[in-house]
$ cat query_39.cif   # mmCIF, C-alpha atoms
data_coords
loop_
_atom_site.label_atom_id
_atom_site.label_comp_id
_atom_site.auth_asym_id
_atom_site.auth_seq_id
_atom_site.Cartn_x
_atom_site.Cartn_y
_atom_site.Cartn_z
CA MET F 1427 102.06 82.19 31.71
CA VAL F 1428 102.14 84.24 28.48
CA THR F 1429 100.80 82.69 25.29
CA LEU F 1430 102.55 84.38 22.41
CA PRO F 1431 100.35 85.72 19.60
CA ASP F 1432 101.16 84.83 16.02
CA PRO F 1433 103.87 87.25 14.80
CA ASP F 1434 101.94 87.54 11.54
CA SER F 1435 99.30 89.45 13.52
CA LEU F 1436 101.77 92.32 13.85
CA SER F 1437 100.23 95.12 11.82
CA ALA F 1438 99.63 98.60 13.13
CA ARG F 1439 95.99 98.74 14.15
CA ASP F 1440 96.84 102.13 15.66
CA ALA F 1441 98.98 104.85 14.07
CA VAL F 1442 102.54 105.18 15.38
CA CYS F 1443 104.73 108.30 15.32
CA VAL F 1444 108.40 107.94 16.22
CA ILE F 1445 109.86 111.28 17.31
CA GLY F 1446 113.58 111.68 17.87
CA ALA F 1447 117.05 111.29 16.48
CA ALA F 1448 118.85 109.82 13.53
CA VAL F 1449 122.60 110.15 14.16
CA VAL F 1450 125.84 108.48 13.15
CA ASP F 1451 127.49 105.99 15.53
CA VAL F 1452 131.23 105.52 15.22
CA ILE F 1453 131.68 102.19 17.04
CA ALA F 1454 135.01 101.03 18.43
CA ASP F 1455 136.20 98.23 20.72
CA ALA F 1456 137.97 99.47 23.84
CA TYR F 1457 139.85 97.14 26.19
CA SER F 1458 138.91 99.59 28.96
CA LEU F 1459 137.44 103.06 29.28
CA PRO F 1460 139.98 105.91 29.22
CA HIS F 1461 140.76 107.94 32.31
CA ARG F 1462 141.67 111.60 32.31
CA GLY F 1463 144.87 112.30 30.43
CA SER F 1464 145.16 108.77 29.07
CA ASP F 1465 145.67 107.65 25.47
CA ILE F 1466 144.15 104.27 24.62
CA GLU F 1467 144.17 102.33 21.38
CA LEU F 1468 140.75 101.58 19.87
CA HIS F 1469 139.74 99.04 17.25
CA GLN F 1470 137.10 100.51 14.98
CA GLN F 1471 134.15 98.19 14.30
CA GLY F 1472 132.42 100.44 11.85
CA VAL F 1473 130.37 103.53 11.18
CA ASN F 1474 126.66 102.89 11.62
CA VAL F 1475 123.57 105.03 11.49
CA GLY F 1476 121.83 105.04 14.86
CA GLY F 1477 119.97 107.14 17.36
CA CYS F 1478 117.28 105.83 19.71
CA ALA F 1479 114.36 106.85 17.51
CA LEU F 1480 115.92 105.47 14.32
CA ASN F 1481 116.61 102.14 16.05
CA VAL F 1482 112.95 102.04 17.11
CA ALA F 1483 111.86 102.94 13.55
CA ILE F 1484 114.02 100.12 12.14
CA ALA F 1485 112.56 97.60 14.59
CA LEU F 1486 108.99 98.62 13.73
CA HIS F 1487 109.67 98.55 9.99
CA ARG F 1488 111.25 95.08 10.09
CA LEU F 1489 108.38 93.75 12.18
CA GLY F 1490 105.93 94.99 9.56
CA VAL F 1491 104.51 97.89 11.58
CA GLN F 1492 104.50 101.09 9.55
CA ALA F 1493 105.12 104.39 11.35
CA THR F 1494 105.51 108.09 10.73
CA ASN F 1495 109.19 108.70 11.40
CA ALA F 1496 109.72 112.26 12.62
CA LEU F 1497 113.52 112.21 12.47
CA PRO F 1498 114.95 115.62 11.52
CA ILE F 1499 117.51 115.46 8.71
CA GLY F 1500 119.89 118.40 8.32
CA GLN F 1501 122.62 119.30 5.85
CA GLY F 1502 126.21 118.11 6.07
CA THR F 1503 128.46 115.04 6.17
CA TRP F 1504 126.49 113.13 8.79
CA ALA F 1505 123.11 114.02 7.25
CA THR F 1506 124.28 112.68 3.89
CA ILE F 1507 125.31 109.36 5.44
CA ILE F 1508 122.02 109.12 7.34
CA THR F 1509 119.93 109.87 4.23
CA GLN F 1510 121.71 107.15 2.26
CA LYS F 1511 121.36 104.54 5.01
CA MET F 1512 117.70 105.35 5.70
CA ALA F 1513 116.98 104.81 2.00
CA GLU F 1514 118.63 101.38 2.26
CA TYR F 1515 116.45 100.58 5.28
CA GLY F 1516 113.32 101.67 3.44
CA ILE F 1517 112.66 104.33 6.07
CA HIS F 1518 111.64 107.90 5.26
CA SER F 1519 111.42 111.04 7.36
CA PRO F 1520 109.44 114.04 6.13
CA LEU F 1521 111.34 116.47 8.37
CA ARG F 1522 114.14 118.39 6.63
CA THR F 1523 115.97 121.41 8.02
CA ASP F 1524 118.80 123.72 6.99
CA LYS F 1525 119.71 124.57 10.61
CA GLY F 1526 122.84 122.40 10.56
CA ASP F 1527 124.08 118.83 10.43
CA ASN F 1528 122.86 115.78 12.33
CA GLY F 1529 124.62 114.66 15.45
CA TRP F 1530 127.04 111.79 15.96
CA CYS F 1531 128.51 109.76 18.77
CA LEU F 1532 131.53 107.63 19.59
CA ALA F 1533 130.39 104.30 21.06
CA LEU F 1534 133.05 102.48 23.07
CA VAL F 1535 132.37 98.74 23.48
CA GLU F 1536 134.19 96.95 26.31
CA PRO F 1537 135.07 93.21 26.20
CA ASP F 1538 131.90 92.24 28.12
CA GLY F 1539 129.70 94.02 25.56
CA GLU F 1540 128.90 97.07 27.71
CA ARG F 1541 128.89 100.32 25.76
CA THR F 1542 129.63 103.93 26.63
CA PHE F 1543 128.54 106.83 24.41
CA LEU F 1544 130.24 110.19 23.82
CA SER F 1545 127.64 112.25 21.95
CA VAL F 1546 127.57 115.45 19.87
CA SER F 1547 124.08 116.89 19.27
CA GLY F 1548 122.78 118.20 15.96
CA VAL F 1549 119.46 119.15 14.38
CA GLU F 1550 117.72 116.20 16.07
CA ASN F 1551 117.68 118.31 19.23
CA GLN F 1552 116.46 121.58 17.68
CA TRP F 1553 112.69 121.12 17.80
CA ASP F 1554 110.39 124.09 17.28
CA ALA F 1555 106.70 124.77 16.76
CA ALA F 1556 106.99 124.88 12.96
CA MET F 1557 108.60 121.45 12.84
CA LEU F 1558 106.02 119.91 15.16
CA ALA F 1559 103.18 121.48 13.19
CA GLN F 1560 104.13 119.22 10.27
CA LEU F 1561 103.04 116.14 12.24
CA SER F 1562 99.47 114.94 11.73
CA LEU F 1563 98.43 112.46 14.43
CA PRO F 1564 95.21 110.47 13.99
CA SER F 1565 93.05 109.76 17.03
CA GLY F 1566 94.48 106.93 19.13
CA SER F 1567 98.04 107.35 17.86
CA TRP F 1568 101.07 106.08 19.72
CA ILE F 1569 103.97 108.55 20.11
CA TYR F 1570 107.49 107.38 20.92
CA LEU F 1571 109.93 109.78 22.62
CA SER F 1572 113.40 109.38 24.10
CA GLY F 1573 114.91 111.12 27.09
CA TYR F 1574 117.64 112.46 24.80
CA GLN F 1575 115.14 114.80 23.14
CA LEU F 1576 113.24 115.58 26.34
CA THR F 1577 116.41 116.77 28.10
CA ALA F 1578 117.72 118.77 25.15
CA ALA F 1579 117.38 122.55 24.97
CA SER F 1580 114.12 122.12 23.04
CA GLY F 1581 112.69 119.65 25.57
CA GLU F 1582 110.29 122.25 26.94
CA THR F 1583 108.97 122.84 23.41
CA LEU F 1584 108.29 119.12 23.01
CA LEU F 1585 106.60 118.81 26.40
CA ALA F 1586 104.41 121.88 25.85
CA TRP F 1587 103.34 120.42 22.49
CA LEU F 1588 102.53 117.04 24.08
CA GLU F 1589 100.36 118.80 26.66
CA THR F 1590 98.18 120.22 23.86
CA LEU F 1591 97.43 116.81 22.30
CA ARG F 1592 94.27 114.86 22.92
CA ASP F 1593 93.48 111.17 22.45
CA VAL F 1594 97.06 110.04 21.87
CA ARG F 1595 99.17 107.55 23.82
CA LEU F 1596 102.74 108.26 24.79
CA PHE F 1597 105.60 105.75 25.03
CA ILE F 1598 108.74 107.11 26.76
CA ASP F 1599 112.18 105.53 27.00
CA PHE F 1600 113.95 107.94 29.35
CA GLY F 1601 117.38 106.40 28.81
CA PRO F 1602 120.53 107.58 30.59
CA ARG F 1603 119.43 111.25 30.49
CA LEU F 1604 116.76 110.58 33.13
CA ALA F 1605 118.97 112.10 35.82
CA ASP F 1606 118.92 115.42 33.93
CA LEU F 1607 115.14 115.84 34.22
CA SER F 1608 113.93 118.19 36.95
CA ASP F 1609 111.26 116.86 39.30
CA ALA F 1610 108.77 119.40 37.93
CA PHE F 1611 109.43 118.36 34.31
CA PHE F 1612 109.26 114.66 35.23
CA HIS F 1613 105.90 115.02 36.96
CA ARG F 1614 104.45 116.99 34.03
CA LEU F 1615 105.43 114.08 31.79
CA MET F 1616 103.94 111.51 34.16
CA ALA F 1617 100.68 113.51 34.22
CA LEU F 1618 100.31 112.46 30.56
CA SER F 1619 100.12 108.77 31.67
CA PRO F 1620 102.82 107.44 29.33
CA VAL F 1621 103.97 103.86 29.04
CA VAL F 1622 107.44 104.05 30.62
CA THR F 1623 110.31 101.66 29.90
CA LEU F 1624 113.43 101.64 32.10
CA ASN F 1625 116.59 99.62 32.45
CA ARG F 1626 118.14 98.63 35.78
CA GLN F 1627 120.03 101.89 36.34
CA GLU F 1628 117.13 104.10 35.27
CA ALA F 1629 114.74 102.24 37.58
CA ALA F 1630 117.06 103.01 40.48
CA LEU F 1631 117.09 106.70 39.51
CA ILE F 1632 113.30 106.91 39.47
CA GLY F 1633 113.20 105.01 42.75
CA GLU F 1634 115.28 107.77 44.33
CA ARG F 1635 112.56 110.30 43.40
CA LEU F 1636 109.87 108.44 45.35
CA PRO F 1637 109.08 108.96 49.05
CA GLY F 1638 111.35 106.79 51.16
CA ALA F 1639 113.38 105.85 48.06
CA VAL F 1640 113.10 102.51 46.27
CA ALA F 1641 116.13 100.27 46.08
CA ASP F 1642 115.83 98.47 42.73
CA GLY F 1643 113.71 97.64 39.72
CA ALA F 1644 111.80 94.77 41.33
CA GLU F 1645 110.86 96.96 44.29
CA LEU F 1646 109.85 99.77 41.92
CA LEU F 1647 107.49 97.43 40.07
CA ALA F 1648 105.93 96.38 43.37
CA CYS F 1649 105.10 99.94 44.46
CA TRP F 1650 104.57 101.68 41.09
CA ARG F 1651 100.76 101.73 41.27
CA GLU F 1652 100.93 103.62 44.55
CA HIS F 1653 102.46 106.60 42.76
CA PHE F 1654 101.53 106.51 39.06
CA SER F 1655 98.69 105.32 36.82
CA SER F 1656 101.08 104.75 33.90
CA PRO F 1657 102.15 101.30 32.73
CA LEU F 1658 105.79 100.52 33.59
CA ILE F 1659 108.32 98.13 32.04
CA VAL F 1660 111.61 97.41 33.81
CA ARG F 1661 114.32 95.62 31.80
CA LEU F 1662 116.86 93.65 33.84
CA ASP F 1663 119.13 92.27 31.11
CA SER F 1664 119.49 88.47 31.27
CA GLU F 1665 116.96 88.33 34.11
CA GLY F 1666 114.15 89.37 31.79
CA ALA F 1667 111.65 92.21 32.11
CA GLY F 1668 108.84 93.02 34.51
CA TYR F 1669 105.72 94.99 33.73
CA VAL F 1670 102.87 96.54 35.68
CA SER F 1671 99.77 98.54 34.80
CA MET F 1672 96.51 99.29 36.56
CA SER F 1673 95.08 96.02 35.21
CA GLU F 1674 97.98 93.57 34.93
CA SER F 1675 101.47 92.76 36.14
CA GLY F 1676 103.99 90.02 35.64
CA TRP F 1677 107.49 88.94 34.69
CA VAL F 1678 108.77 87.76 31.31
CA PRO F 1679 112.01 85.75 31.27
CA ALA F 1680 114.79 86.68 28.88
CA PHE F 1681 115.34 84.76 25.68
CA PRO F 1682 118.76 83.02 25.69
CA ALA F 1683 121.42 84.95 23.73
CA GLU F 1684 125.18 85.13 23.38
CA VAL F 1685 125.98 88.82 23.90
CA VAL F 1686 128.21 90.44 21.28
CA ASP F 1687 127.38 94.04 22.17
CA THR F 1688 124.40 95.80 23.75
CA ILE F 1689 124.19 98.83 21.43
CA GLY F 1690 120.58 99.45 20.50
CA ALA F 1691 119.20 96.64 22.68
CA GLY F 1692 117.02 98.93 24.79
CA ASP F 1693 115.81 100.86 21.73
CA SER F 1694 114.98 97.65 19.87
CA HIS F 1695 113.18 96.31 22.94
CA ALA F 1696 111.08 99.49 22.91
CA GLY F 1697 110.40 98.99 19.21
CA GLY F 1698 109.24 95.43 19.83
CA VAL F 1699 106.95 96.46 22.69
CA LEU F 1700 105.52 99.34 20.67
CA ALA F 1701 104.91 97.04 17.68
CA GLY F 1702 102.92 94.72 19.92
CA LEU F 1703 100.91 97.47 21.58
CA ALA F 1704 100.08 99.17 18.28
CA SER F 1705 98.90 95.79 16.98
CA GLY F 1706 96.48 95.41 19.87
CA TRP F 1707 98.54 92.90 21.86
CA SER F 1708 98.41 92.80 25.66
CA LEU F 1709 101.20 94.46 27.62
CA ALA F 1710 102.50 91.02 28.64
CA ALA F 1711 102.68 89.78 25.04
CA ALA F 1712 104.24 93.05 23.86
CA VAL F 1713 106.98 92.84 26.51
CA THR F 1714 107.65 89.24 25.47
CA LEU F 1715 108.12 90.42 21.89
CA GLY F 1716 110.43 93.16 23.15
CA ASN F 1717 112.54 90.55 24.96
CA ALA F 1718 112.77 88.44 21.80
CA VAL F 1719 113.82 91.40 19.65
CA ALA F 1720 116.43 92.52 22.19
CA SER F 1721 117.89 88.99 22.44
CA TYR F 1722 118.44 89.03 18.67
CA VAL F 1723 120.03 92.48 18.71
CA VAL F 1724 122.57 91.78 21.47
CA ALA F 1725 123.80 88.78 19.48
CA HIS F 1726 124.72 91.03 16.53
CA ARG F 1727 127.03 94.00 16.04
CA GLY F 1728 125.64 97.54 16.06
CA GLY F 1729 122.30 99.04 17.02
CA ASP F 1730 120.65 98.93 13.58
CA CYS F 1731 120.25 95.15 13.41
CA ALA F 1732 116.69 94.51 14.61
CA PRO F 1733 115.22 91.24 13.28
CA LYS F 1734 112.55 90.65 10.68
CA LYS F 1735 109.56 88.45 11.53
CA GLU F 1736 111.19 85.46 9.86
CA ASP F 1737 114.39 85.94 11.90
CA LEU F 1738 112.35 85.43 15.07
CA ALA F 1739 110.25 82.54 13.77
CA GLY F 1740 112.43 79.75 15.18
CA LEU F 1741 112.88 81.49 18.52
CA TRP F 1742 109.14 82.14 18.70
CA ARG F 1743 108.29 78.48 18.04
CA ARG F 1744 110.71 77.23 20.68
CA ASN F 1745 109.12 79.56 23.20
CA ALA F 1746 105.47 79.26 22.15
CA THR F 1747 104.44 79.26 25.82
CA ARG F 1748 106.66 80.93 28.39
CA ARG F 1749 106.41 80.98 32.18
#
$ encode --input "query_39.cif" --output "structure tokens"
Amino acid sequence: MVTLPDPDSLSARDAVCVIGAAVVDVIADAYSLPHRGSDIELHQQGVNVGGCALNVAIALHRLGVQATNALPIGQGTWATIITQKMAEYGIHSPLRTDKGDNGWCLALVEPDGERTFLSVSGVENQWDAAMLAQLSLPSGSWIYLSGYQLTAASGETLLAWLETLRDVRLFIDFGPRLADLSDAFFHRLMALSPVVTLNRQEAALIGERLPGAVADGAELLACWREHFSSPLIVRLDSEGAGYVSMSESGWVPAFPAEVVDTIGAGDSHAGGVLAGLASGWSLAAAVTLGNAVASYVVAHRGGDCAPKKEDLAGLWRRNATRR
């Protein structure tokens, strides 16, 4: 049983630094995914500003948890759109570069809400020592990172920098690029004892790396402590999310939601969990908040629609105690 803390207690007790991408999402409905040589008709939903890190930054901001947003902004059409939208969100990034434009992606949304991304990288994946040197991290800081940056050409630069840091806590959402990480790179990351969040497919991929192979997310949760000291969160859509650490484990049911599309749901879940952890909440309570935030996001279009505290108030009251 998880007793939910008062959402008004969300306020960053610990510093948070969100490292990653701000990109443009061109979102279109697709009756099915194209096959090679095909020509399908799309229905454009809109042009949104997205990127895993920006979605996390939006979720934190709307939940009242302030963060340092290390989201490189370049020069060009996409960078101009991103700068304008970030100003509307009340989000600022101190990182500016003249190395090129920001990236963008085409997000295809099928009738059941599942989404498929076709991505073009930009300056958000061109990290170097000079850029990282601009980040000042107080003792006890939380750092968010996505697999998109870790598997980019500058991923080694990011990892080497992380290995020099002391007294910080790492939160990693590997995302769909998990399969691109070498075993050596993966184990260097895990040596940093990050909090790891995975969806169903990503859990299966990590399970394949373990001795004897692990079949699914539930089985991975059961054996995680045998292999890693890091906390783990596994998100299983409408089934809820499981969590395990060296001191606690459990399962949090999903909040009911009518799915419109799933863009940004995993990112916003990460933002909710990180908001809870940075506010001193337990892992169980933080995962519950992540589930609530994700349930709101999947019921709305686009990935930049994380709720404010007041948007969750009714849902929170109806689920004051969850089993």
$ resolve_selection --input "query_39.cif" --expression "the PyMOL selection byres ((chain F and resi 1526) around 12)" --output "ChimeraX atom specification"
/F:1498-1506,1522-1525,1527-1529,1547-1552
$ residues_around --input "query_39.cif" --residues "F:Gly1666" --least-positions-apart "6" --cutoff "7 Å" --atoms "only C-alpha atoms" --output "number ranges by chain"
F: 1678-1680
$ closest_atom_pairs --input "query_39.cif" --of "stretch 1500-1564 of chain F" --to "stretch 1730-1742 of chain F" --cutoff "12 Å" --atoms "all atoms listed in the file" --output "Markdown table"
| residue | atom | partner | partner_atom | distance |
| --- | --- | --- | --- | --- |
| F:Lys1511 | CA | F:Asp1730 | CA | 10.3 |
| F:Met1512 | CA | F:Asp1730 | CA | 10.6 |
| F:Glu1514 | CA | F:Asp1730 | CA | 11.8 |
| F:Tyr1515 | CA | F:Asp1730 | CA | 9.4 |
$ resolve_selection --input "query_39.cif" --expression "the PyMOL selection byres ((chain F and resi 1702) around 9)" --output "ChimeraX atom specification"
/F:1436-1438,1697-1701,1703-1709,1711-1713,1715-1716
$ resolve_selection --input "query_39.cif" --expression "the PyMOL selection byres ((chain F and resi 1473) around 6)" --output "VMD selection string"
chain F and resid 1451 to 1452 1472 1474
$ residues_near_point --input "query_39.cif" --point "(110.7, 98.9, 15.5)" --cutoff "9 Å" --atoms "all atoms listed in the file" --output "PDB file with C-alpha atoms, in the frame of the given file"
ATOM      1  CA  ALA F1479     114.360 106.850  17.510  1.00  0.00           C
ATOM      2  CA  LEU F1480     115.920 105.470  14.320  1.00  0.00           C
ATOM      3  CA  ASN F1481     116.610 102.140  16.050  1.00  0.00           C
ATOM      4  CA  VAL F1482     112.950 102.040  17.110  1.00  0.00           C
ATOM      5  CA  ALA F1483     111.860 102.940  13.550  1.00  0.00           C
ATOM      6  CA  ILE F1484     114.020 100.120  12.140  1.00  0.00           C
ATOM      7  CA  ALA F1485     112.560  97.600  14.590  1.00  0.00           C
ATOM      8  CA  LEU F1486     108.990  98.620  13.730  1.00  0.00           C
ATOM      9  CA  HIS F1487     109.670  98.550   9.990  1.00  0.00           C
ATOM     10  CA  ARG F1488     111.250  95.080  10.090  1.00  0.00           C
ATOM     11  CA  LEU F1489     108.380  93.750  12.180  1.00  0.00           C
ATOM     12  CA  GLY F1490     105.930  94.990   9.560  1.00  0.00           C
ATOM     13  CA  VAL F1491     104.510  97.890  11.580  1.00  0.00           C
ATOM     14  CA  GLN F1492     104.500 101.090   9.550  1.00  0.00           C
ATOM     15  CA  ALA F1493     105.120 104.390  11.350  1.00  0.00           C
ATOM     16  CA  ASP F1693     115.810 100.860  21.730  1.00  0.00           C
ATOM     17  CA  SER F1694     114.980  97.650  19.870  1.00  0.00           C
ATOM     18  CA  HIS F1695     113.180  96.310  22.940  1.00  0.00           C
ATOM     19  CA  ALA F1696     111.080  99.490  22.910  1.00  0.00           C
ATOM     20  CA  GLY F1697     110.400  98.990  19.210  1.00  0.00           C
ATOM     21  CA  GLY F1698     109.240  95.430  19.830  1.00  0.00           C
ATOM     22  CA  VAL F1699     106.950  96.460  22.690  1.00  0.00           C
ATOM     23  CA  LEU F1700     105.520  99.340  20.670  1.00  0.00           C
ATOM     24  CA  ALA F1701     104.910  97.040  17.680  1.00  0.00           C
ATOM     25  CA  ALA F1732     116.690  94.510  14.610  1.00  0.00           C
TER      26      ALA F1732
END
$ residues_around --input "query_39.cif" --residues "F:Arg1635" --least-positions-apart "4" --cutoff "12 Å" --atoms "only C-alpha atoms" --output "short mmCIF file (atom, residue, chain, number, x, y, z; two decimals) with C-alpha atoms, keeping the file's coordinate frame"
data_model
loop_
_atom_site.label_atom_id
_atom_site.label_comp_id
_atom_site.auth_asym_id
_atom_site.auth_seq_id
_atom_site.Cartn_x
_atom_site.Cartn_y
_atom_site.Cartn_z
CA LEU F 1604 116.76 110.58 33.13
CA ALA F 1605 118.97 112.10 35.82
CA LEU F 1607 115.14 115.84 34.22
CA SER F 1608 113.93 118.19 36.95
CA ASP F 1609 111.26 116.86 39.30
CA ALA F 1610 108.77 119.40 37.93
CA PHE F 1612 109.26 114.66 35.23
CA HIS F 1613 105.90 115.02 36.96
CA GLU F 1628 117.13 104.10 35.27
CA ALA F 1629 114.74 102.24 37.58
CA ALA F 1630 117.06 103.01 40.48
CA LEU F 1631 117.09 106.70 39.51
CA ALA F 1639 113.38 105.85 48.06
CA VAL F 1640 113.10 102.51 46.27
CA ALA F 1641 116.13 100.27 46.08
CA LEU F 1646 109.85 99.77 41.92
CA TRP F 1650 104.57 101.68 41.09
CA HIS F 1653 102.46 106.60 42.76
#
$ atom_distance --input "query_39.cif" --atom1 "atom CA of F:Leu1588" --atom2 "atom CA of F:Ala1447"
17.4 Å
